[in-house]
Amino acid sequence: MHRLRSLVPSANYLFVFEAAARRRSFTAAAEELNVSQPAVSKTIRLLEEATGLKLFRREHTRLELTAEGLKFYRETQQAFDHLHMVLTSLRKKHSNDTVRVSFSASFVQLWLLPRLKDFKAKHPDIALRIEESSRDDQDLNEENIDLSARLGLGKWPGIHAWHFVTEEVIPVCSPDYLREHGPIGEASDLLNHRLLHFEERHRVRLGWPEWLAQHSVPVARLNQDFIFTDALSSIEAAVLGQGIALGWKHLVHDHVRAGRLVYPLDAVYRSGQTIHIIMPAQRPSKHGAMLFRDWLLEQGADAPVFEGPTAITT
């Protein structure tokens with residue numbers, strides 16, 4: 001127990017005294033503190049009894065501080081101001097400790113940005129540095145990344161991992177493209193359409209040959225009119241009616257709900273793998289990073305694939 005408590009049994013005495021001394025009125029202090037005037041008067045009496053000091057005197061209708069009361073008020077106010085400054089500084093440093101997160105460009109542009117306003121509304125003091133990465137093998141410790149996402153089974157050394165969304169890959173195209181070139185009845189019909197390909201240099205993802213093979217469509221050779229270096233560009237090309245792209249369910253979900261993309265056929269590939277939210281296990285997690293992780297996991301990215309407006313036939 002701090003020795004000050006032997007003189008001031010309750011810290012509340014100090015708050016009441018500071019308000020009464022600053023306002024020079026028990027009534028005004030009571031209104032400020034949302035208590036009754038007798039409660040303020042009693043607290044001041046208890047403080048005077050505990051300290052053995054006469055802190056106030058009444059002169060006509062005005063409340064005045066005694067010499068001891070004035071000195072005590074100045075010291076109390078300085079102590080309060082110092083504590084306020086320290087706490088404000090610590091809170092600012094804590095809340096503005098920038099959280100570094102790293103995701104694919106597709107995730108940032110198609111999933112995160114449309115939802116980021118909600119996170120900021122809930123946690124306005126948390127600063128995020130959002131980096132776009134083209135690699136799955138980032139060393140979170142070496143690169144000082146607080147949070148990222150990774151596809152796999154969730155078992156990586158030195159990594160904490162949380163299930164975010166199961167991998168489901170679906171063909172998508174624009175409604176105009178489907179009206180002009182459809183209908184598409186089965187997976188083999190896709191061979192008669194312009195398929196939008198992508199090949200990312202540092203990340204291995206499912207491509208059209210693998211997707212078609214999973215749906216028992218033999219492929220000797222595919223036309224490759226468009227090959228992009230990231231999945232995001234292929235999906236945006238599909239939005240613009242350039243052809244049919246492979247869409248990861250959680251990434252194309254907003255485009256489908258808005259009617260910018262449709263599923264031309266009911267055919268989904270489920271890899272059995274999961275996209276995980278990951279954080280480094282070898283250093284303490286920032287408070288802001290944990291709040292961001294919790295917010296991500298609350299979003300429910302595992303929504304049904306075929307909810308919302310779709311067009312399977314024309």
# chains A, B, ... in the order shown; residues from 1 in each chain; ligands from 1
>>> residues_around(residues="Gly243 in chain A", least_positions_apart="2", cutoff="10 Å", atoms="only C-alpha atoms", output="mmCIF file with C-alpha atoms, in the first residue's frame")
data_model
loop_
_atom_site.group_PDB
_atom_site.id
_atom_site.type_symbol
_atom_site.label_atom_id
_atom_site.label_comp_id
_atom_site.auth_asym_id
_atom_site.auth_seq_id
_atom_site.Cartn_x
_atom_site.Cartn_y
_atom_site.Cartn_z
ATOM 1 C CA VAL A 172 -16.965 -16.242 -63.096
ATOM 2 C CA CYS A 173 -17.817 -13.904 -65.934
ATOM 3 C CA SER A 174 -19.822 -10.752 -66.528
ATOM 4 C CA TYR A 177 -20.472 -11.992 -71.537
ATOM 5 C CA LEU A 178 -22.829 -14.793 -70.558
ATOM 6 C CA HIS A 181 -21.722 -16.232 -75.422
ATOM 7 C CA HIS A 193 -14.886 -19.863 -74.379
ATOM 8 C CA ARG A 194 -12.145 -17.339 -73.787
ATOM 9 C CA LEU A 195 -10.559 -18.390 -70.513
ATOM 10 C CA LEU A 196 -8.611 -15.771 -68.603
ATOM 11 C CA HIS A 197 -5.337 -17.165 -67.251
ATOM 12 C CA ASP A 225 -5.376 -15.211 -75.346
ATOM 13 C CA PHE A 226 -4.887 -13.431 -72.026
ATOM 14 C CA SER A 234 -7.897 -11.779 -64.467
ATOM 15 C CA ILE A 235 -10.930 -11.179 -62.252
ATOM 16 C CA ALA A 237 -10.876 -8.530 -66.884
ATOM 17 C CA ALA A 238 -13.865 -10.814 -66.312
ATOM 18 C CA VAL A 239 -15.805 -7.906 -64.791
ATOM 19 C CA LEU A 240 -15.124 -5.979 -68.019
ATOM 20 C CA GLY A 241 -16.510 -8.813 -70.143
ATOM 21 C CA ALA A 245 -11.860 -16.183 -64.940
#
>>> residues_around(residues="Pro183 in chain A", least_positions_apart="2", cutoff="12 Å", atoms="only C-alpha atoms", output="JSON, numbers by chain")
{"A": [173, 175, 176, 177, 178, 179, 180, 181, 185, 186, 187, 189, 190, 192, 193, 263, 264, 265, 311, 312, 313, 314]}
>>> write_last_selection(atoms="C-alpha atoms", output="JSON list (two decimals), in the first residue's frame")
[["chain", "number", "residue", "atom", "x", "y", "z"],
["A", 173, "CYS", "CA", -17.82, -13.90, -65.93],
["A", 175, "PRO", "CA", -23.59, -10.97, -67.18],
["A", 176, "ASP", "CA", -23.03, -9.37, -70.59],
["A", 177, "TYR", "CA", -20.47, -11.99, -71.54],
["A", 178, "LEU", "CA", -22.83, -14.79, -70.56],
["A", 179, "ARG", "CA", -25.74, -13.28, -72.47],
["A", 180, "GLU", "CA", -23.58, -12.93, -75.56],
["A", 181, "HIS", "CA", -21.72, -16.23, -75.42],
["A", 185, "GLY", "CA", -24.30, -26.18, -69.32],
["A", 186, "GLU", "CA", -21.29, -28.15, -68.07],
["A", 187, "ALA", "CA", -17.61, -27.79, -67.41],
["A", 189, "ASP", "CA", -18.41, -26.23, -72.49],
["A", 190, "LEU", "CA", -15.79, -23.89, -71.08],
["A", 192, "ASN", "CA", -15.35, -23.14, -76.27],
["A", 193, "HIS", "CA", -14.89, -19.86, -74.38],
["A", 263, "TYR", "CA", -21.42, -17.93, -61.99],
["A", 264, "PRO", "CA", -21.95, -19.32, -65.50],
["A", 265, "LEU", "CA", -22.38, -22.85, -64.15],
["A", 311, "ALA", "CA", -26.79, -16.41, -63.60],
["A", 312, "ILE", "CA", -26.39, -20.08, -64.37],
["A", 313, "THR", "CA", -28.50, -19.94, -67.49],
["A", 314, "THR", "CA", -29.42, -17.21, -69.95]]
>>> residues_around(residues="Asp137 in chain A", least_positions_apart="4", cutoff="12 Å", atoms="only C-alpha atoms", output="count of residues only")
19
>>> residues_around(residues="Leu291 in chain A", least_positions_apart="2", cutoff="12 Å", atoms="only C-alpha atoms", output="count of residues only")
24
>>> residues_around(residues="range 15-25 of chain A", least_positions_apart="5", cutoff="12 Å", atoms="only C-alpha atoms", output="ChimeraX atom specification")
/A:8,10,30-48,55-59,61-66,68-81
>>> write_last_selection(atoms="N, CA and C atoms", output="compact mmCIF listing (two decimals), in the first residue's frame")
# COMPACT_ATOMS: atom_id res chain seq x y z
N VAL A 8 -4.64 9.94 2.86
CA VAL A 8 -5.84 10.12 2.03
C VAL A 8 -6.41 8.74 1.76
N SER A 10 -9.00 7.60 0.36
CA SER A 10 -9.63 7.33 -0.94
C SER A 10 -9.15 8.35 -1.96
N ALA A 30 -20.40 19.58 -7.13
CA ALA A 30 -21.38 18.50 -7.13
C ALA A 30 -22.00 18.32 -8.50
N GLU A 31 -22.33 19.42 -9.17
CA GLU A 31 -22.91 19.34 -10.50
C GLU A 31 -21.91 18.74 -11.50
N GLU A 32 -20.65 19.14 -11.41
CA GLU A 32 -19.62 18.62 -12.30
C GLU A 32 -19.40 17.13 -12.11
N LEU A 33 -19.43 16.69 -10.86
CA LEU A 33 -19.15 15.29 -10.54
C LEU A 33 -20.39 14.42 -10.54
N ASN A 34 -21.55 15.05 -10.76
CA ASN A 34 -22.82 14.34 -10.80
C ASN A 34 -23.12 13.64 -9.47
N VAL A 35 -22.89 14.37 -8.39
CA VAL A 35 -23.23 13.86 -7.05
C VAL A 35 -23.98 15.00 -6.34
N SER A 36 -24.42 14.74 -5.14
CA SER A 36 -25.16 15.76 -4.39
C SER A 36 -24.19 16.72 -3.69
N GLN A 37 -24.70 17.92 -3.36
CA GLN A 37 -23.88 18.89 -2.65
C GLN A 37 -23.50 18.40 -1.26
N PRO A 38 -24.42 17.74 -0.52
CA PRO A 38 -24.02 17.20 0.78
C PRO A 38 -22.91 16.15 0.67
N ALA A 39 -22.92 15.38 -0.44
CA ALA A 39 -21.87 14.36 -0.62
C ALA A 39 -20.50 15.03 -0.78
N VAL A 40 -20.46 16.14 -1.51
CA VAL A 40 -19.20 16.87 -1.67
C VAL A 40 -18.76 17.43 -0.32
N SER A 41 -19.70 18.04 0.40
CA SER A 41 -19.37 18.62 1.71
C SER A 41 -18.83 17.57 2.66
N LYS A 42 -19.46 16.38 2.65
CA LYS A 42 -19.01 15.30 3.53
C LYS A 42 -17.61 14.83 3.15
N THR A 43 -17.35 14.71 1.83
CA THR A 43 -16.04 14.23 1.38
C THR A 43 -14.94 15.21 1.77
N ILE A 44 -15.22 16.49 1.63
CA ILE A 44 -14.22 17.49 2.03
C ILE A 44 -13.97 17.41 3.54
N ARG A 45 -15.03 17.23 4.33
CA ARG A 45 -14.87 17.11 5.78
C ARG A 45 -14.01 15.89 6.12
N LEU A 46 -14.24 14.76 5.45
CA LEU A 46 -13.46 13.55 5.71
C LEU A 46 -12.00 13.76 5.30
N LEU A 47 -11.76 14.49 4.18
CA LEU A 47 -10.40 14.77 3.75
C LEU A 47 -9.68 15.65 4.78
N GLU A 48 -10.38 16.64 5.29
CA GLU A 48 -9.77 17.53 6.30
C GLU A 48 -9.47 16.76 7.57
N LEU A 55 -8.94 23.17 4.88
CA LEU A 55 -8.69 23.45 3.47
C LEU A 55 -9.52 24.60 2.92
N PHE A 56 -10.70 24.80 3.46
CA PHE A 56 -11.60 25.85 2.97
C PHE A 56 -12.08 26.74 4.13
N ARG A 57 -12.44 27.94 3.77
CA ARG A 57 -13.13 28.81 4.72
C ARG A 57 -14.21 29.56 3.94
N ARG A 58 -15.27 29.91 4.63
CA ARG A 58 -16.35 30.66 3.98
C ARG A 58 -16.21 32.14 4.31
N GLU A 59 -16.22 32.96 3.28
CA GLU A 59 -16.20 34.40 3.44
C GLU A 59 -17.46 34.95 2.80
N THR A 61 -20.67 34.81 1.17
CA THR A 61 -21.31 33.73 0.39
C THR A 61 -20.31 33.00 -0.49
N ARG A 62 -19.04 33.31 -0.39
CA ARG A 62 -18.04 32.71 -1.28
C ARG A 62 -17.16 31.72 -0.52
N LEU A 63 -16.81 30.65 -1.19
CA LEU A 63 -15.92 29.64 -0.63
C LEU A 63 -14.50 29.96 -1.03
N GLU A 64 -13.61 30.04 -0.05
CA GLU A 64 -12.22 30.37 -0.32
C GLU A 64 -11.31 29.27 0.22
N LEU A 65 -10.16 29.14 -0.39
CA LEU A 65 -9.15 28.21 0.08
C LEU A 65 -8.30 28.85 1.18
N THR A 66 -7.95 28.08 2.18
CA THR A 66 -6.97 28.54 3.16
C THR A 66 -5.59 28.49 2.51
N GLU A 68 -3.12 26.63 3.42
CA GLU A 68 -2.80 25.21 3.24
C GLU A 68 -3.62 24.61 2.08
N GLY A 69 -4.89 25.00 1.99
CA GLY A 69 -5.74 24.50 0.93
C GLY A 69 -5.26 24.92 -0.44
N LEU A 70 -4.79 26.19 -0.57
CA LEU A 70 -4.30 26.67 -1.85
C LEU A 70 -3.06 25.91 -2.29
N LYS A 71 -2.12 25.70 -1.33
CA LYS A 71 -0.90 24.96 -1.67
C LYS A 71 -1.24 23.52 -2.06
N PHE A 72 -2.17 22.91 -1.29
CA PHE A 72 -2.56 21.53 -1.58
C PHE A 72 -3.26 21.44 -2.94
N TYR A 73 -4.07 22.45 -3.26
CA TYR A 73 -4.77 22.46 -4.55
C TYR A 73 -3.76 22.56 -5.70
N ARG A 74 -2.78 23.45 -5.58
CA ARG A 74 -1.78 23.59 -6.65
C ARG A 74 -1.01 22.30 -6.86
N GLU A 75 -0.62 21.66 -5.76
CA GLU A 75 0.12 20.41 -5.88
C GLU A 75 -0.75 19.30 -6.47
N THR A 76 -2.01 19.25 -6.04
CA THR A 76 -2.94 18.23 -6.57
C THR A 76 -3.15 18.43 -8.06
N GLN A 77 -3.35 19.69 -8.46
CA GLN A 77 -3.58 19.97 -9.87
C GLN A 77 -2.36 19.61 -10.71
N GLN A 78 -1.18 19.92 -10.21
CA GLN A 78 0.04 19.57 -10.93
C GLN A 78 0.19 18.05 -11.06
N ALA A 79 -0.11 17.35 -9.97
CA ALA A 79 -0.01 15.89 -10.00
C ALA A 79 -1.01 15.31 -11.00
N PHE A 80 -2.24 15.84 -10.99
CA PHE A 80 -3.26 15.37 -11.94
C PHE A 80 -2.83 15.66 -13.38
N ASP A 81 -2.32 16.87 -13.62
CA ASP A 81 -1.88 17.24 -14.97
C ASP A 81 -0.76 16.33 -15.45
>>> select_by_dssp(residues="range 185-276 of chain A", states="strand (DSSP E or B)", output="PyMOL selection string")
chain A and resi 195-198+226-228+244-248+262+269-276
>>> write_last_selection(atoms="N, CA, C and O atoms", output="PDB file, in the first residue's frame")
ATOM      1  N   LEU A 195     -10.905 -18.211 -71.922  1.00  0.00           N
ATOM      2  CA  LEU A 195     -10.559 -18.390 -70.513  1.00  0.00           C
ATOM      3  C   LEU A 195      -9.415 -17.442 -70.154  1.00  0.00           C
ATOM      4  O   LEU A 195      -8.420 -17.353 -70.869  1.00  0.00           O
ATOM      5  N   LEU A 196      -9.594 -16.760 -69.052  1.00  0.00           N
ATOM      6  CA  LEU A 196      -8.611 -15.771 -68.603  1.00  0.00           C
ATOM      7  C   LEU A 196      -7.631 -16.448 -67.651  1.00  0.00           C
ATOM      8  O   LEU A 196      -8.025 -16.950 -66.588  1.00  0.00           O
ATOM      9  N   HIS A 197      -6.366 -16.459 -68.008  1.00  0.00           N
ATOM     10  CA  HIS A 197      -5.337 -17.165 -67.251  1.00  0.00           C
ATOM     11  C   HIS A 197      -4.500 -16.180 -66.439  1.00  0.00           C
ATOM     12  O   HIS A 197      -4.432 -14.989 -66.749  1.00  0.00           O
ATOM     13  N   PHE A 198      -3.866 -16.700 -65.407  1.00  0.00           N
ATOM     14  CA  PHE A 198      -2.869 -15.912 -64.683  1.00  0.00           C
ATOM     15  C   PHE A 198      -1.767 -16.837 -64.192  1.00  0.00           C
ATOM     16  O   PHE A 198      -2.002 -18.017 -63.897  1.00  0.00           O
ATOM     17  N   PHE A 226      -5.272 -14.366 -73.069  1.00  0.00           N
ATOM     18  CA  PHE A 226      -4.887 -13.431 -72.026  1.00  0.00           C
ATOM     19  C   PHE A 226      -4.216 -14.198 -70.896  1.00  0.00           C
ATOM     20  O   PHE A 226      -4.795 -15.132 -70.336  1.00  0.00           O
ATOM     21  N   ILE A 227      -3.007 -13.798 -70.557  1.00  0.00           N
ATOM     22  CA  ILE A 227      -2.310 -14.345 -69.396  1.00  0.00           C
ATOM     23  C   ILE A 227      -1.876 -13.162 -68.534  1.00  0.00           C
ATOM     24  O   ILE A 227      -1.121 -12.292 -68.992  1.00  0.00           O
ATOM     25  N   PHE A 228      -2.360 -13.135 -67.307  1.00  0.00           N
ATOM     26  CA  PHE A 228      -2.034 -12.045 -66.386  1.00  0.00           C
ATOM     27  C   PHE A 228      -1.026 -12.539 -65.352  1.00  0.00           C
ATOM     28  O   PHE A 228      -0.888 -13.738 -65.114  1.00  0.00           O
ATOM     29  N   ILE A 244     -13.830 -15.542 -69.155  1.00  0.00           N
ATOM     30  CA  ILE A 244     -14.198 -16.242 -67.926  1.00  0.00           C
ATOM     31  C   ILE A 244     -12.940 -16.446 -67.090  1.00  0.00           C
ATOM     32  O   ILE A 244     -11.935 -16.973 -67.589  1.00  0.00           O
ATOM     33  N   ALA A 245     -13.001 -16.058 -65.857  1.00  0.00           N
ATOM     34  CA  ALA A 245     -11.860 -16.183 -64.940  1.00  0.00           C
ATOM     35  C   ALA A 245     -12.167 -17.201 -63.865  1.00  0.00           C
ATOM     36  O   ALA A 245     -13.326 -17.545 -63.614  1.00  0.00           O
ATOM     37  N   LEU A 246     -11.129 -17.662 -63.213  1.00  0.00           N
ATOM     38  CA  LEU A 246     -11.295 -18.459 -62.005  1.00  0.00           C
ATOM     39  C   LEU A 246     -11.400 -17.503 -60.823  1.00  0.00           C
ATOM     40  O   LEU A 246     -10.536 -16.637 -60.639  1.00  0.00           O
ATOM     41  N   GLY A 247     -12.451 -17.667 -60.047  1.00  0.00           N
ATOM     42  CA  GLY A 247     -12.659 -16.773 -58.919  1.00  0.00           C
ATOM     43  C   GLY A 247     -12.670 -17.519 -57.609  1.00  0.00           C
ATOM     44  O   GLY A 247     -13.376 -18.518 -57.469  1.00  0.00           O
ATOM     45  N   TRP A 248     -11.862 -17.055 -56.656  1.00  0.00           N
ATOM     46  CA  TRP A 248     -11.908 -17.609 -55.310  1.00  0.00           C
ATOM     47  C   TRP A 248     -13.152 -17.055 -54.626  1.00  0.00           C
ATOM     48  O   TRP A 248     -13.382 -15.848 -54.643  1.00  0.00           O
ATOM     49  N   VAL A 262     -21.181 -13.134 -62.533  1.00  0.00           N
ATOM     50  CA  VAL A 262     -22.115 -14.229 -62.307  1.00  0.00           C
ATOM     51  C   VAL A 262     -21.354 -15.541 -62.382  1.00  0.00           C
ATOM     52  O   VAL A 262     -20.240 -15.611 -62.912  1.00  0.00           O
ATOM     53  N   TYR A 269     -14.693 -26.064 -57.329  1.00  0.00           N
ATOM     54  CA  TYR A 269     -13.588 -26.940 -56.918  1.00  0.00           C
ATOM     55  C   TYR A 269     -13.214 -26.621 -55.483  1.00  0.00           C
ATOM     56  O   TYR A 269     -12.907 -25.472 -55.145  1.00  0.00           O
ATOM     57  N   ARG A 270     -13.259 -27.621 -54.620  1.00  0.00           N
ATOM     58  CA  ARG A 270     -12.874 -27.481 -53.215  1.00  0.00           C
ATOM     59  C   ARG A 270     -11.589 -28.264 -53.007  1.00  0.00           C
ATOM     60  O   ARG A 270     -11.572 -29.490 -53.118  1.00  0.00           O
ATOM     61  N   SER A 271     -10.537 -27.551 -52.682  1.00  0.00           N
ATOM     62  CA  SER A 271      -9.216 -28.172 -52.608  1.00  0.00           C
ATOM     63  C   SER A 271      -8.995 -28.943 -51.317  1.00  0.00           C
ATOM     64  O   SER A 271      -8.087 -29.765 -51.238  1.00  0.00           O
ATOM     65  N   GLY A 272      -9.781 -28.639 -50.282  1.00  0.00           N
ATOM     66  CA  GLY A 272      -9.534 -29.234 -48.976  1.00  0.00           C
ATOM     67  C   GLY A 272      -8.543 -28.440 -48.146  1.00  0.00           C
ATOM     68  O   GLY A 272      -8.298 -28.763 -46.981  1.00  0.00           O
ATOM     69  N   GLN A 273      -7.994 -27.385 -48.738  1.00  0.00           N
ATOM     70  CA  GLN A 273      -7.085 -26.513 -47.995  1.00  0.00           C
ATOM     71  C   GLN A 273      -7.848 -25.289 -47.486  1.00  0.00           C
ATOM     72  O   GLN A 273      -8.980 -25.013 -47.883  1.00  0.00           O
ATOM     73  N   THR A 274      -7.186 -24.570 -46.606  1.00  0.00           N
ATOM     74  CA  THR A 274      -7.815 -23.420 -45.955  1.00  0.00           C
ATOM     75  C   THR A 274      -6.879 -22.229 -46.012  1.00  0.00           C
ATOM     76  O   THR A 274      -5.663 -22.368 -45.862  1.00  0.00           O
ATOM     77  N   ILE A 275      -7.459 -21.069 -46.226  1.00  0.00           N
ATOM     78  CA  ILE A 275      -6.701 -19.833 -46.059  1.00  0.00           C
ATOM     79  C   ILE A 275      -6.761 -19.474 -44.579  1.00  0.00           C
ATOM     80  O   ILE A 275      -7.846 -19.382 -43.992  1.00  0.00           O
ATOM     81  N   HIS A 276      -5.590 -19.322 -43.988  1.00  0.00           N
ATOM     82  CA  HIS A 276      -5.485 -19.032 -42.562  1.00  0.00           C
ATOM     83  C   HIS A 276      -5.004 -17.604 -42.341  1.00  0.00           C
ATOM     84  O   HIS A 276      -4.202 -17.075 -43.123  1.00  0.00           O
TER      85      HIS A 276
END
>>> closest_residue(among="A:Arg135, A:Leu90, A:Leu53, A:Pro209", to="Arg221 in chain A", atoms="only C-alpha atoms")
A:Pro209
>>> atom_distance(atom1="CA of Ile130 in chain A", atom2="CA of Asp254 in chain A")
20.4 Å
>>> atom_distance(atom1="CA of Ala281 in chain A", atom2="CA of His160 in chain A")
5.6 Å
>>> residues_around(residues="Val219 in chain A", least_positions_apart="3", cutoff="10 Å", atoms="only C-alpha atoms", output="PyMOL selection string")
chain A and resi 188+191+208-210+212-213+216+222
>>> write_last_selection(atoms="N, CA, C and O atoms", output="compact mmCIF listing (two decimals), in the first residue's frame")
# COMPACT_ATOMS: atom_id res chain seq x y z
N SER A 188 -17.23 -28.95 -69.53
CA SER A 188 -16.56 -29.13 -70.82
C SER A 188 -16.89 -28.01 -71.80
O SER A 188 -16.12 -27.73 -72.72
N LEU A 191 -14.40 -25.03 -72.71
CA LEU A 191 -13.33 -25.10 -73.71
C LEU A 191 -13.66 -24.28 -74.95
O LEU A 191 -12.77 -23.96 -75.74
N TRP A 208 -6.44 -22.95 -64.83
CA TRP A 208 -7.50 -23.58 -65.60
C TRP A 208 -7.22 -25.07 -65.90
O TRP A 208 -8.15 -25.90 -65.81
N PRO A 209 -6.01 -25.47 -66.27
CA PRO A 209 -5.79 -26.91 -66.53
C PRO A 209 -6.14 -27.78 -65.31
O PRO A 209 -6.79 -28.82 -65.45
N GLU A 210 -5.73 -27.34 -64.14
CA GLU A 210 -6.01 -28.12 -62.92
C GLU A 210 -7.51 -28.10 -62.59
O GLU A 210 -8.08 -29.12 -62.20
N LEU A 212 -10.08 -27.70 -64.67
CA LEU A 212 -10.81 -28.54 -65.63
C LEU A 212 -10.56 -30.03 -65.37
O LEU A 212 -11.48 -30.85 -65.44
N ALA A 213 -9.32 -30.37 -65.03
CA ALA A 213 -9.01 -31.77 -64.74
C ALA A 213 -9.80 -32.27 -63.54
O ALA A 213 -10.25 -33.43 -63.51
N SER A 216 -13.09 -33.50 -64.59
CA SER A 216 -13.04 -34.59 -65.59
C SER A 216 -13.12 -34.08 -67.01
O SER A 216 -13.74 -34.72 -67.89
N LEU A 222 -4.82 -25.56 -74.21
CA LEU A 222 -5.77 -24.49 -74.00
C LEU A 222 -5.30 -23.22 -74.72
O LEU A 222 -4.10 -22.91 -74.72
>>> closest_residue(among="A:Gln109, A:Pro171, A:Leu153, A:Gly259", to="Ile184 in chain A", atoms="only C-alpha atoms")
A:Pro171
>>> atom_distance(atom1="CA of Arg129 in chain A", atom2="CA of Glu200 in chain A")
23.3 Å
>>> select_by_dssp(residues="range 74-271 of chain A", states="alpha helix (DSSP H)", output="number ranges by chain")
A: 74-95, 105-106, 113-122, 175-181, 208-214, 231-239, 249-257
